[in-house]
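Containing mmCIF, C-alpha atoms and all ligand atoms: upload_22.cif.
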```
data_work
#
loop_
_atom_site.label_atom_id
_atom_site.label_comp_id
_atom_site.auth_asym_id
_atom_site.auth_seq_id
_atom_site.Cartn_x
_atom_site.Cartn_y
_atom_site.Cartn_z
CA MET A 18 0.00 0.00 0.00
CA THR A 19 1.29 3.51 -0.76
CA GLU A 20 2.06 5.95 2.05
CA ALA A 21 -0.99 8.07 1.15
CA GLY A 22 -3.22 4.98 0.87
CA LEU A 23 -2.03 3.75 4.25
CA GLN A 24 -2.75 7.11 5.84
CA GLU A 25 -6.23 7.20 4.35
CA GLU A 26 -7.01 3.66 5.48
CA LEU A 27 -5.90 4.51 9.01
CA GLU A 28 -8.02 7.64 9.20
CA ARG A 29 -11.00 5.64 8.00
CA ILE A 30 -10.55 2.94 10.64
CA LEU A 31 -9.71 5.17 13.58
CA ASP A 32 -12.40 7.76 12.96
CA VAL A 33 -15.00 5.14 13.76
CA SER A 34 -15.43 4.79 17.50
CA ASN A 35 -18.06 3.82 20.02
CA ARG A 36 -19.73 7.13 20.94
CA ASP A 37 -22.30 5.59 23.22
CA VAL A 38 -20.10 4.18 25.97
CA ASP A 39 -22.63 4.75 28.77
CA ALA A 40 -25.48 2.86 27.11
CA VAL A 41 -26.65 -0.31 28.83
CA ASP A 42 -28.21 -1.84 25.74
CA HIS A 43 -28.13 -1.64 21.94
CA ALA A 44 -31.01 -2.52 19.59
CA VAL A 45 -30.55 -3.90 16.07
CA ALA A 46 -33.36 -4.12 13.54
CA ARG A 47 -33.37 -7.72 12.39
CA GLY A 48 -34.50 -8.87 9.00
CA GLY A 49 -35.81 -12.17 7.72
CA ASP A 50 -38.57 -14.61 8.55
CA ALA A 51 -39.04 -17.01 11.44
CA VAL A 52 -39.61 -20.33 9.67
CA PHE A 53 -41.66 -23.31 10.82
CA THR A 54 -40.88 -26.66 9.23
CA TRP A 55 -43.35 -29.55 9.09
CA ASP A 56 -40.63 -31.97 8.06
CA TYR A 57 -39.72 -33.47 11.45
CA GLU A 58 -37.58 -36.29 10.07
CA LYS A 59 -34.64 -36.44 12.47
CA GLY A 60 -31.28 -37.31 10.96
CA ALA A 61 -32.11 -36.33 7.38
CA ARG A 62 -28.83 -34.41 7.59
CA PRO A 63 -26.60 -36.94 9.38
CA THR A 64 -23.66 -34.61 10.06
CA LEU A 65 -25.88 -32.04 11.76
CA SER A 66 -27.65 -34.77 13.66
CA ARG A 67 -24.34 -36.21 14.92
CA LEU A 68 -23.25 -32.74 16.06
CA TYR A 69 -26.55 -32.37 17.94
CA GLU A 70 -26.11 -35.71 19.73
CA LYS A 71 -22.53 -34.80 20.62
CA ALA A 72 -23.54 -31.36 21.89
CA LYS A 73 -26.20 -32.81 24.20
CA VAL A 74 -23.65 -34.93 26.09
CA SER A 75 -20.90 -32.27 26.06
CA GLN A 76 -22.68 -29.67 28.19
CA TRP A 77 -20.57 -28.36 31.06
CA ASP A 78 -21.38 -26.04 33.93
CA GLY A 79 -19.74 -22.62 34.10
CA GLU A 80 -19.92 -22.54 37.90
CA ARG A 81 -19.18 -26.15 38.87
CA ASP A 82 -16.71 -27.30 36.20
CA ILE A 83 -14.35 -24.31 36.41
CA ASP A 84 -12.07 -23.86 39.43
CA TRP A 85 -12.86 -20.23 40.26
CA SER A 86 -10.73 -20.43 43.43
CA ILE A 87 -7.57 -20.07 41.31
CA GLU A 88 -5.96 -16.67 41.92
CA VAL A 89 -4.97 -14.71 38.84
CA ASP A 90 -2.11 -12.24 38.42
CA PRO A 91 -3.62 -9.90 35.79
CA THR A 92 -0.16 -8.72 34.68
CA ALA A 93 0.77 -12.28 33.69
CA VAL A 94 -2.34 -13.56 31.92
CA LEU A 95 -0.67 -13.84 28.55
CA GLN A 96 2.94 -13.25 27.55
CA ALA A 97 1.86 -12.33 24.03
CA PHE A 98 -0.13 -9.39 25.38
CA ASP A 99 2.65 -8.21 27.66
CA GLY A 100 2.97 -4.52 26.79
CA ARG A 101 6.73 -4.46 26.41
CA GLN A 102 6.90 -7.77 24.59
CA ALA A 103 4.15 -6.91 22.10
CA PHE A 104 4.94 -3.25 21.52
CA GLY A 105 8.50 -2.75 22.83
CA HIS A 106 10.04 -2.80 19.35
CA LEU A 107 7.75 0.09 18.31
CA ALA A 108 9.33 2.24 21.06
CA GLU A 109 12.66 2.12 19.20
CA VAL A 110 11.28 3.94 16.13
CA PRO A 111 12.26 7.65 16.11
CA GLY A 112 9.29 9.81 17.13
CA SER A 113 7.37 6.86 18.57
CA PRO A 114 4.78 7.89 21.20
CA LEU A 115 6.01 4.92 23.28
CA ARG A 116 9.68 5.94 23.36
CA ASN A 117 9.64 7.41 26.87
CA PHE A 118 7.64 4.62 28.47
CA GLY A 119 8.87 3.57 31.92
CA PRO A 120 8.06 0.34 33.81
CA ALA A 121 4.77 1.69 35.19
CA GLN A 122 3.45 2.58 31.74
CA TRP A 123 4.45 -0.76 30.25
CA GLU A 124 2.58 -2.48 33.07
CA GLU A 125 -0.47 -0.27 32.53
CA LEU A 126 -0.37 -1.15 28.84
CA THR A 127 -0.26 -4.87 29.68
CA LEU A 128 -3.28 -4.62 31.98
CA GLU A 129 -5.30 -2.49 29.58
CA SER A 130 -4.49 -4.75 26.61
CA VAL A 131 -5.68 -7.85 28.47
CA ASN A 132 -8.84 -6.05 29.70
CA TRP A 133 -9.56 -4.83 26.18
CA ARG A 134 -9.05 -8.11 24.40
CA LEU A 135 -11.05 -10.26 26.80
CA SER A 136 -13.83 -7.64 26.79
CA GLN A 137 -14.07 -7.90 23.01
CA PHE A 138 -14.24 -11.71 23.25
CA LEU A 139 -17.06 -11.31 25.78
CA HIS A 140 -19.03 -9.01 23.44
CA GLY A 141 -18.38 -11.37 20.52
CA GLU A 142 -19.76 -14.26 22.58
CA GLN A 143 -22.95 -12.28 23.16
CA GLY A 144 -23.09 -11.72 19.40
CA ALA A 145 -22.96 -15.50 18.97
CA LEU A 146 -25.74 -15.95 21.52
CA LEU A 147 -28.05 -13.61 19.58
CA CYS A 148 -27.09 -15.04 16.19
CA THR A 149 -27.74 -18.64 17.15
CA ALA A 150 -31.09 -17.74 18.68
CA LYS A 151 -31.90 -16.22 15.29
CA ILE A 152 -30.66 -19.33 13.45
CA VAL A 153 -33.02 -21.51 15.50
CA GLU A 154 -35.86 -19.40 14.07
CA SER A 155 -34.67 -18.86 10.53
CA THR A 156 -33.05 -22.11 9.35
CA PRO A 157 -35.47 -24.28 7.36
CA TRP A 158 -34.04 -27.66 8.49
CA VAL A 159 -35.15 -29.42 11.67
CA ASP A 160 -31.71 -30.97 12.33
CA ALA A 161 -30.20 -27.48 12.16
CA LYS A 162 -32.84 -26.06 14.52
CA TYR A 163 -32.08 -28.83 17.04
CA TYR A 164 -28.34 -28.26 16.81
CA ALA A 165 -28.58 -24.47 16.95
CA ALA A 166 -30.67 -24.75 20.13
CA THR A 167 -27.72 -26.48 21.85
CA GLN A 168 -25.43 -23.75 20.61
CA VAL A 169 -27.60 -21.08 22.21
CA MET A 170 -26.94 -22.79 25.58
CA ASP A 171 -23.21 -23.08 24.80
CA GLU A 172 -22.99 -19.36 24.03
CA ALA A 173 -24.88 -18.42 27.20
CA ARG A 174 -22.20 -20.32 29.13
CA HIS A 175 -19.41 -18.59 27.23
CA VAL A 176 -20.85 -15.15 27.99
CA GLU A 177 -21.25 -16.19 31.62
CA VAL A 178 -17.66 -17.40 32.11
CA PHE A 179 -15.94 -14.54 30.26
CA ALA A 180 -18.04 -11.98 32.16
CA LYS A 181 -17.13 -13.63 35.47
CA TYR A 182 -13.43 -13.82 34.59
CA ILE A 183 -13.29 -10.13 33.66
CA ASP A 184 -15.33 -9.08 36.67
CA THR A 185 -13.54 -11.13 39.34
CA LYS A 186 -9.98 -11.60 38.00
CA LEU A 187 -9.03 -8.61 35.83
CA THR A 188 -8.70 -4.89 36.59
CA GLY A 189 -11.38 -3.42 34.34
CA SER A 190 -13.43 -3.80 31.17
CA TYR A 191 -14.09 -2.09 27.85
CA GLN A 192 -17.23 -1.31 25.89
CA ILE A 193 -17.57 -2.97 22.51
CA ASN A 194 -15.25 -1.78 19.74
CA ALA A 195 -17.24 0.10 17.10
CA HIS A 196 -15.99 -2.07 14.22
CA LEU A 197 -17.01 -5.25 16.04
CA GLN A 198 -20.45 -3.77 16.80
CA MET A 199 -21.07 -2.83 13.15
CA LEU A 200 -20.02 -6.29 12.03
CA LEU A 201 -22.29 -8.02 14.56
CA ASP A 202 -25.18 -5.69 13.63
CA ASP A 203 -24.85 -6.67 9.97
CA ILE A 204 -24.63 -10.37 10.78
CA VAL A 205 -27.65 -10.51 13.06
CA GLY A 206 -29.66 -8.04 10.98
CA ASP A 207 -29.30 -9.63 7.52
CA SER A 208 -32.54 -11.00 6.13
CA ARG A 209 -30.93 -14.00 4.36
CA TRP A 210 -30.71 -16.93 6.81
CA ASP A 211 -27.37 -18.19 5.55
CA MET A 212 -25.65 -14.82 6.04
CA THR A 213 -25.99 -15.14 9.81
CA TYR A 214 -24.25 -18.51 9.53
CA LEU A 215 -21.54 -17.17 7.25
CA GLY A 216 -20.86 -14.10 9.36
CA MET A 217 -20.99 -15.80 12.74
CA GLN A 218 -20.09 -19.49 12.32
CA ILE A 219 -17.46 -19.07 9.60
CA MET A 220 -15.98 -15.60 10.08
CA VAL A 221 -16.38 -14.53 13.73
CA GLU A 222 -16.23 -18.00 15.31
CA GLY A 223 -13.46 -19.04 12.91
CA LEU A 224 -11.45 -16.10 14.19
CA ALA A 225 -12.35 -16.83 17.81
CA LEU A 226 -11.35 -20.48 17.48
CA ALA A 227 -7.93 -19.49 16.15
CA ALA A 228 -7.49 -16.81 18.82
CA PHE A 229 -8.51 -19.11 21.68
CA GLY A 230 -6.16 -21.79 20.38
CA PHE A 231 -3.16 -19.44 20.36
CA MET A 232 -4.07 -18.00 23.75
CA ARG A 233 -4.45 -21.44 25.28
CA MET A 234 -1.12 -22.55 23.86
CA MET A 235 0.75 -19.44 24.96
CA SER A 236 -0.81 -18.64 28.32
CA ASP A 237 0.59 -19.95 31.62
CA GLU A 238 -2.45 -18.73 33.55
CA PRO A 239 -4.20 -21.93 34.71
CA LEU A 240 -7.73 -20.53 35.06
CA LEU A 241 -7.80 -18.97 31.59
CA LYS A 242 -6.37 -22.20 30.13
CA GLN A 243 -9.17 -24.17 31.79
CA ILE A 244 -11.85 -21.81 30.46
CA LEU A 245 -10.40 -21.78 26.95
CA GLY A 246 -10.19 -25.58 26.85
CA LYS A 247 -13.90 -25.88 27.64
CA VAL A 248 -14.94 -23.07 25.30
CA MET A 249 -12.82 -24.32 22.39
CA ALA A 250 -14.35 -27.79 22.43
CA ASP A 251 -17.73 -26.07 21.96
CA GLU A 252 -16.47 -23.60 19.34
CA ALA A 253 -15.06 -26.36 17.15
CA ARG A 254 -18.57 -27.86 16.93
CA HIS A 255 -20.00 -24.44 16.14
CA VAL A 256 -17.68 -23.83 13.20
CA ALA A 257 -18.23 -27.41 11.97
CA PHE A 258 -22.00 -26.74 12.09
CA GLY A 259 -21.54 -23.70 9.85
CA VAL A 260 -19.28 -25.48 7.36
CA SER A 261 -21.56 -28.50 7.13
CA SER A 262 -24.78 -26.47 6.68
CA LEU A 263 -23.38 -24.01 4.16
CA LYS A 264 -21.61 -26.66 2.06
CA GLU A 265 -25.01 -28.11 1.19
CA TYR A 266 -26.68 -24.74 0.61
CA TYR A 267 -23.88 -23.12 -1.41
CA ALA A 268 -23.72 -26.05 -3.83
CA GLU A 269 -27.08 -24.83 -5.20
CA LEU A 270 -26.46 -21.08 -5.40
CA SER A 271 -25.99 -19.14 -8.64
CA ASP A 272 -22.77 -17.26 -9.47
CA VAL A 273 -24.42 -13.94 -8.60
CA GLU A 274 -25.55 -15.25 -5.21
CA MET A 275 -22.11 -16.71 -4.50
CA ARG A 276 -20.51 -13.37 -5.31
CA GLU A 277 -22.71 -11.69 -2.69
CA ARG A 278 -21.43 -14.20 -0.13
CA GLN A 279 -17.84 -13.58 -1.17
CA GLU A 280 -18.29 -9.83 -0.73
CA PHE A 281 -19.86 -10.36 2.70
CA ALA A 282 -16.91 -12.57 3.74
CA LEU A 283 -14.37 -10.04 2.51
CA GLU A 284 -16.07 -7.16 4.30
CA ALA A 285 -16.08 -9.16 7.53
CA ALA A 286 -12.38 -10.04 7.14
CA VAL A 287 -11.39 -6.43 6.53
CA ARG A 288 -13.39 -5.21 9.52
CA MET A 289 -11.99 -7.84 11.84
CA ARG A 290 -8.50 -6.78 10.85
CA GLY A 291 -9.25 -3.11 11.42
CA ARG A 292 -10.11 -3.56 15.06
CA PHE A 293 -6.82 -5.13 16.11
CA ALA A 294 -5.25 -1.73 16.65
CA GLN A 295 -6.93 -1.67 20.13
CA GLN A 296 -7.64 2.01 19.61
CA GLU A 297 -9.65 2.34 22.85
CA VAL A 298 -6.60 1.31 24.90
CA TRP A 299 -4.48 4.11 23.44
CA ASP A 300 -7.32 6.59 24.00
CA ARG A 301 -7.65 5.56 27.63
CA MET A 302 -3.89 5.92 28.17
CA GLY A 303 -3.78 9.32 26.46
CA ILE A 304 -1.51 8.09 23.63
CA ASP A 305 -1.81 9.28 20.01
CA LYS A 306 -3.61 6.26 18.55
CA LYS A 307 -3.04 7.24 14.92
CA ALA A 308 0.72 7.44 15.46
CA VAL A 309 0.78 4.01 17.11
CA ALA A 310 -1.50 2.45 14.51
CA LYS A 311 0.72 3.78 11.75
CA LEU A 312 3.77 2.16 13.36
CA MET A 313 1.87 -1.11 13.72
CA LEU A 314 0.76 -1.16 10.09
CA ALA A 315 4.24 -0.33 8.81
CA ASP A 316 5.64 -3.17 10.91
CA ASP A 317 6.82 -6.03 8.71
CA GLU A 318 6.73 -8.72 11.37
CA PRO A 319 3.78 -11.07 10.85
CA GLY A 320 1.55 -10.33 13.82
CA PHE A 321 -1.05 -12.05 15.92
CA GLY A 322 -3.65 -10.46 13.61
CA ASP A 323 -2.77 -12.49 10.52
CA LEU A 324 -2.63 -15.76 12.42
CA LEU A 325 -6.28 -15.29 13.34
CA PHE A 326 -7.21 -16.14 9.76
CA THR A 327 -5.83 -19.69 9.95
CA LYS A 328 -9.33 -21.18 10.30
CA ILE A 329 -11.31 -18.75 8.16
CA VAL A 330 -9.34 -19.21 4.95
CA PRO A 331 -9.42 -23.05 4.77
CA ASN A 332 -13.12 -23.04 5.70
CA CYS A 333 -13.89 -20.51 2.94
CA ARG A 334 -12.03 -22.78 0.52
CA LYS A 335 -14.08 -25.79 1.63
CA LEU A 336 -17.30 -23.84 1.00
CA GLY A 337 -16.20 -22.94 -2.53
CA LEU A 338 -16.03 -19.26 -1.61
CA LEU A 339 -12.41 -18.78 -2.67
CA ASP A 340 -12.90 -20.00 -6.22
CA ALA A 341 -16.43 -18.86 -7.18
CA SER A 342 -16.68 -15.85 -9.56
CA GLY A 343 -13.35 -16.65 -11.21
CA GLY A 344 -11.47 -16.74 -7.89
CA TRP A 345 -12.59 -13.26 -6.81
CA LEU A 346 -12.16 -13.89 -3.06
CA ARG A 347 -8.90 -15.78 -3.58
CA ALA A 348 -7.43 -12.64 -5.19
CA ARG A 349 -8.73 -10.37 -2.39
CA PHE A 350 -7.35 -12.68 0.35
CA GLU A 351 -4.03 -12.69 -1.47
CA GLU A 352 -3.97 -8.88 -1.34
CA LEU A 353 -4.68 -9.05 2.39
CA GLY A 354 -1.71 -11.43 2.78
CA ILE A 355 -3.78 -14.28 4.28
CA LEU A 356 -4.23 -16.64 1.31
CA HIS A 357 -1.29 -18.84 2.35
CA PHE A 358 -3.49 -20.33 5.10
CA GLU A 359 -5.78 -22.00 2.54
CA ASP A 360 -4.16 -25.43 2.93
CA TRP A 361 -4.33 -25.46 6.71
CA GLN A 362 -6.70 -27.96 8.29
CA ASP A 363 -10.37 -27.09 7.94
CA THR A 364 -12.65 -27.31 10.96
CA ASP A 365 -14.73 -30.22 9.70
CA ALA A 366 -11.63 -32.38 10.00
CA GLU A 367 -10.45 -30.82 13.21
CA SER A 368 -13.54 -30.76 15.41
CA GLY A 369 -13.12 -34.33 16.69
CA GLU A 370 -9.57 -33.69 17.88
CA LEU A 371 -10.52 -30.50 19.72
CA ASP A 372 -13.44 -32.20 21.38
CA ASP A 373 -11.07 -34.81 22.81
CA ALA A 374 -8.67 -32.12 24.03
CA GLY A 375 -11.43 -30.18 25.80
CA ALA A 376 -12.75 -33.25 27.59
CA SER A 377 -9.46 -33.93 29.35
FE FE B 401 -18.86 -18.98 22.03
FE FE B 402 -19.50 -20.32 19.40
#
```

Can you give me the file's structure in the form of structure tokens?
Amino acid sequence: MTEAGLQEELERILDVSNRDVDAVDHAVARGGDAVFTWDYEKGARPTLSRLYEKAKVSQWDGERDIDWSIEVDPTAVLQAFDGRQAFGHLAEVPGSPLRNFGPAQWEELTLESVNWRLSQFLHGEQGALLCTAKIVESTPWVDAKYYAATQVMDEARHVEVFAKYIDTKLTGSYQINAHLQMLLDDIVGDSRWDMTYLGMQIMVEGLALAAFGFMRMMSDEPLLKQILGKVMADEARHVAFGVSSLKEYYAELSDVEMRERQEFALEAAVRMRGRFAQQEVWDRMGIDKKAVAKLMLADDEPGFGDLLFTKIVPNCRKLGLLDASGGWLRARFEELGILHFEDWQDTDAESGELDDAGAS
């Protein structure tokens, strides 16, 4: 990207912020029909039916099955989000707003980064709760309604445990990032039933599954590891549900309809990338967020952000979304620098393994 293009992109991303931070709720107009089906044949879609049976016996309890007595040091939740480790190299750049940081500011940055990131996961989990409630209503297949009903319960648990972790173990919380809110609004508000699946099960949950996996691998904090293990076993089923449902539906769509899905997927990918600059953290610390974001974008090191696409890209390939319309999305993902993940394992294949890991 050219210097001017980069600048313009940054302005566009950072000028969008949550201006309603004191609100206690947020309403979204939702489109689409609630659909009854009179075809009650259970198991007509065997993969969905198997996921439903598995989900019923994999329910855990957010109070009883998590050891909440574990004490947490909020400065050591995750090495990767340690302020100095993640951003220290940006302090070396001449003119960097971080160049005069002392130990106290690095520690503040660590705490705020952890509070921010876990808060965004919490809000994303609530997005999943609302989306799956909508899928129960809008999907035309009874096996999918049954499965989605179990996912509603899963997501309620995820909201519950993340909220409790933030409230009782961390030092503060953040309101939802404006880019995440707009994305969730579009996903829950779209009138086409499959767009809620694509936006939530493939894009948002695909990203969450990758993020939770890296966090679980890298964190030494035993309580968070426990929570992530439980949540990930559920999330793998959720993404597999999306892949399995959409594979059948997309096989019948026209080129024009597929192109609409590709554009929706690209828009979601671009938005999810835009919010990684944790702009609210810099605002809260009184740091020039545009200057920091510019340093981050100019940084050549592959970051945490790109790795979050390791699930999304192979799942898009499996759904035929990369190659429809003459490979339109393949070309866009290549421009974003994330196409090289296309041969990573897709979540259909992986869900069994994760389920075993979460049970132990
Ligand atoms: Fe979840
Ligand atoms: Fe989920």

*Taking only C-alpha atoms and all ligand atoms into account, report as a PyMOL selection string which residues have an atom no farther than 7 Å from an atom of ligand FE 402 (chain B).*
chain A and resi 142+145+168+172+222+251-252+255

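Proximity of A:Arg47, A:Arg81, A:Lys335, A:Arg101 to A:Ser262, computed with only C-alpha atoms, is greatest for A:Lys335.
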
Show me, as a tab-separated table, the residues of chain A having an atom within 10 Å of ligand FE 401 (chain B), each with the closest atom pair and its distance in Å, using only C-alpha atoms and all ligand atoms.
```
residue	atom	partner	partner_atom	distance
A:Phe138	CA	B:FE401	FE	8.7
A:Leu139	CA	B:FE401	FE	8.7
A:Gly141	CA	B:FE401	FE	7.8
A:Glu142	CA	B:FE401	FE	4.8
A:Gln143	CA	B:FE401	FE	7.9
A:Gly144	CA	B:FE401	FE	8.8
A:Ala145	CA	B:FE401	FE	6.2
A:Leu146	CA	B:FE401	FE	7.5
A:Gln168	CA	B:FE401	FE	8.2
A:Val169	CA	B:FE401	FE	9.0
A:Met170	CA	B:FE401	FE	9.6
A:Asp171	CA	B:FE401	FE	6.6
A:Glu172	CA	B:FE401	FE	4.6
A:Ala173	CA	B:FE401	FE	8.0
A:Arg174	CA	B:FE401	FE	8.0
A:His175	CA	B:FE401	FE	5.2
A:Val176	CA	B:FE401	FE	7.4
A:Phe179	CA	B:FE401	FE	9.8
A:Gln218	CA	B:FE401	FE	9.8
A:Val221	CA	B:FE401	FE	9.7
A:Glu222	CA	B:FE401	FE	7.3
A:Ala225	CA	B:FE401	FE	8.1
A:Leu226	CA	B:FE401	FE	8.9
A:Val248	CA	B:FE401	FE	6.5
A:Met249	CA	B:FE401	FE	8.1
A:Ala250	CA	B:FE401	FE	9.9
A:Asp251	CA	B:FE401	FE	7.2
A:Glu252	CA	B:FE401	FE	5.9
A:Ala253	CA	B:FE401	FE	9.6
A:His255	CA	B:FE401	FE	8.1
```

*Could you please give me, as a ChimeraX atom specification, the residues of protein, DNA or RNA lying at most 9 Å from (-14.7, -7.8, 12.1) in the coordinate frame of the file, considering all atoms listed in the file?*
/A:196-201,220-221,284-292

Those selected residues, please, written with C-alpha atoms and delivered as a PDB file, keeping the file's coordinate frame.
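And here is the file that came out, result-v5.pdb:
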```
ATOM      1  CA  HIS A 196     -15.990  -2.070  14.220  1.00  0.00           C
ATOM      2  CA  LEU A 197     -17.010  -5.250  16.040  1.00  0.00           C
ATOM      3  CA  GLN A 198     -20.450  -3.770  16.800  1.00  0.00           C
ATOM      4  CA  MET A 199     -21.070  -2.830  13.150  1.00  0.00           C
ATOM      5  CA  LEU A 200     -20.020  -6.290  12.030  1.00  0.00           C
ATOM      6  CA  LEU A 201     -22.290  -8.020  14.560  1.00  0.00           C
ATOM      7  CA  MET A 220     -15.980 -15.600  10.080  1.00  0.00           C
ATOM      8  CA  VAL A 221     -16.380 -14.530  13.730  1.00  0.00           C
ATOM      9  CA  GLU A 284     -16.070  -7.160   4.300  1.00  0.00           C
ATOM     10  CA  ALA A 285     -16.080  -9.160   7.530  1.00  0.00           C
ATOM     11  CA  ALA A 286     -12.380 -10.040   7.140  1.00  0.00           C
ATOM     12  CA  VAL A 287     -11.390  -6.430   6.530  1.00  0.00           C
ATOM     13  CA  ARG A 288     -13.390  -5.210   9.520  1.00  0.00           C
ATOM     14  CA  MET A 289     -11.990  -7.840  11.840  1.00  0.00           C
ATOM     15  CA  ARG A 290      -8.500  -6.780  10.850  1.00  0.00           C
ATOM     16  CA  GLY A 291      -9.250  -3.110  11.420  1.00  0.00           C
ATOM     17  CA  ARG A 292     -10.110  -3.560  15.060  1.00  0.00           C
TER      18      ARG A 292
END
```

_Please compute the atom CA of A:Val110-atom CA of A:Leu128 distance, one decimal, in Å._
23.2 Å

*asked:* With distances taken over all atoms listed in the file, which residue among A:Lys186, A:His140, A:Arg116, A:Lys151 lies nearest A:Val205?
replied: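 Comparing A:Lys186, A:His140, A:Arg116, A:Lys151 against A:Val205, the winner is A:Lys151.
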
*asked:* So that I can check the surroundings of A:Tyr57, please list as an MDAnalysis selection string every protein, DNA and RNA residue that reaches within 12 Å of it, counting all atoms listed in the file and ignoring chain neighbours fewer than 4 positions away.
replied: chainID A and resid 53 61:62 157:163

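The interatomic distance for the pair atom CA of A:Ser130 and atom CA of A:Phe98 works out to 6.5 Å.
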
Could the residues of stretch 41-142 of chain A that have an atom at most 12 Å from stretch 233-245 of chain A be listed as a Markdown table, each with its closest atom pair and the distance in Å to one decimal, counting all atoms listed in the file and ordered by chain and ascending residue number?
```
| residue | atom | partner | partner_atom | distance |
| --- | --- | --- | --- | --- |
| A:Trp77 | CA | A:Ile244 | CA | 10.9 |
| A:Asp78 | CA | A:Ile244 | CA | 11.0 |
| A:Gly79 | CA | A:Ile244 | CA | 8.7 |
| A:Glu80 | CA | A:Ile244 | CA | 11.0 |
| A:Arg81 | CA | A:Ile244 | CA | 12.0 |
| A:Asp82 | CA | A:Gln243 | CA | 9.3 |
| A:Ile83 | CA | A:Ile244 | CA | 6.9 |
| A:Asp84 | CA | A:Leu240 | CA | 7.0 |
| A:Trp85 | CA | A:Leu240 | CA | 7.3 |
| A:Ser86 | CA | A:Leu240 | CA | 8.9 |
| A:Ile87 | CA | A:Leu240 | CA | 6.3 |
| A:Glu88 | CA | A:Leu240 | CA | 8.1 |
| A:Val89 | CA | A:Glu238 | CA | 7.1 |
| A:Asp90 | CA | A:Glu238 | CA | 8.1 |
| A:Pro91 | CA | A:Glu238 | CA | 9.2 |
| A:Thr92 | CA | A:Glu238 | CA | 10.3 |
| A:Ala93 | CA | A:Glu238 | CA | 7.2 |
| A:Val94 | CA | A:Glu238 | CA | 5.4 |
| A:Leu95 | CA | A:Ser236 | CA | 4.8 |
| A:Gln96 | CA | A:Ser236 | CA | 6.6 |
| A:Ala97 | CA | A:Met235 | CA | 7.3 |
| A:Phe98 | CA | A:Ser236 | CA | 9.7 |
| A:Asp99 | CA | A:Ser236 | CA | 11.0 |
| A:Val131 | CA | A:Leu241 | CA | 11.7 |
| A:Leu135 | CA | A:Leu241 | CA | 10.5 |
| A:Phe138 | CA | A:Leu245 | CA | 11.4 |
```
